[in-house]
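Below is one structure; the comments refer to it alone.
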Amino acid sequence: MHAPGVGPESAWGAPQPEQGRRLSFAKVRVLILLAVLLGVALKYGQVKLAESWTPDWERTEHVVVRLIVPGSLDSDEEELIGGLREYAFLGDEIASLDALRDWIKQEQRRFRPVGNSTPVGFDVQGPIAVSAMPPSPPRSGEELSFMQRYERTKAFLDYFHQIGEQNPSEAANSIYVLFYRPSEAPYLDKVHSVADRRSRSGFVFAPLNRHGIESAVINVGHELFHLFGATDKYEGQRCAFPTGYVAPFAEPRHPQEHAEVMAQGIPLGPGEKEGSLKSFDQMRVGVETAWEIGWIEQDRRDRYYAGDTSAGPKDE
Ligand SMILES: [Zn+2]
């Protein structure tokens, strides 16, 4: 026997019809709220996961490179673009994606002598002609509110993702190489490239001229390493020390022979301008980058920067 009004039956166990409906509405509301919260948490988790993803290097990472060019080219530009696929991207010359693929393989072997023999595979699409240039992405140092930055980023990504949807690919990674006329999109002169790890997309901007076409391949390599988890290793115009140096423990320290892929300059001397990179033959992967993209374990990286150069890459 329970006292009336306080027993479990009267409060919860045997509710009146009206009360029951109210209770289940309350429960439904709580459930909806929980579902929304769970959804938000899952989304947040997914985004964080996507942003912290690095390849496992057991399988080949497939990359689609979409070449984008302005519509209505003049005859000189036609000629330049005509050679784009063969000479800059699929040819035997140094500045080609085939050579970049082999370079990545060779760099991986310096850190991991055994393993997958084809870490990265490229597929090329285009040239894809567009009638309008992309909106300017937000640049570092620009004074923007959170909403402005969000909207500018979204408009920028939407422009490229639309091109991606029109040119589908099975590859999990996309690099968009946009060739622009400096007169048409002067704001792109200041932006060498951008990466969005969430959508595993990288964006390279190259002026539509011979030099632009050659340097685009180097920037494709740099952006790809961003997608794999590497961070930039320069501070202003200088390469960061020690992580932006290929041989930070060399005696003497300057001049360095190579540029680190995420620093993109060759340190020549303390007071001197960093040497510029002409081909990715002069480029190497440093120990910090190798750790960030998952080629080596953290303890090997730590030993190296503590001064144990035997933990570094093995040069042939
Ligand atoms: Zn970068």
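Every chain in the structure tokens takes a letter, A first, then B, and so on in the order presented; its residues are numbered from 1, and the ligands are numbered from 1 following the presented order.
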
Could the residues that lie within 9 Å of ligand 1, counting only C-alpha atoms and all ligand atoms, be listed as a PyMOL selection string? chain A and resi 192-195+219+222-223+225-226+230-234+262-264

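Contact shell of A:Glu51 at 6 Å (only C-alpha atoms; same-chain neighbours under 3 positions omitted): Lys48, Arg197 and Arg198 of chain A.
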
Residues from last step as file, N, CA and C atoms, as a compact mmCIF listing (two decimals), in the first residue's frame:
```txt
# COMPACT_ATOMS: atom_id res chain seq x y z
N LYS A 48 36.66 17.51 -36.92
CA LYS A 48 37.97 17.42 -36.26
C LYS A 48 38.76 16.25 -36.82
N ARG A 197 41.69 21.10 -45.47
CA ARG A 197 41.84 19.68 -45.11
C ARG A 197 40.49 19.00 -44.94
N ARG A 198 39.48 19.78 -44.56
CA ARG A 198 38.16 19.20 -44.33
C ARG A 198 37.64 18.51 -45.59
```

Could you pull the residues within 7 Å of A:Tyr176, counting only C-alpha atoms, minus those fewer than 3 positions along the same chain, as a list in words?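 The residues satisfying every condition are Val65, Arg66, Leu67, Gly202, Phe203 and Val204 of chain A.
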
Using DSSP on the backbone, list every residue of stretch 67-218 of chain A that comes out as helix (DSSP H, G or I), and give them as a ChimeraX atom specification. /A:75-82,84-89,97-111,146-166,186-190,210-218

Give me the residues near stretch 256-259 of chain A as JSON, numbers by chain, where near means some atom within 8 Å (using only C-alpha atoms) and where sequence neighbours in that chain fewer than 2 positions away do not count. {"A": [244, 245, 246, 247, 253, 254, 261, 263, 264, 265, 266, 267, 268, 277, 282, 283, 284]}
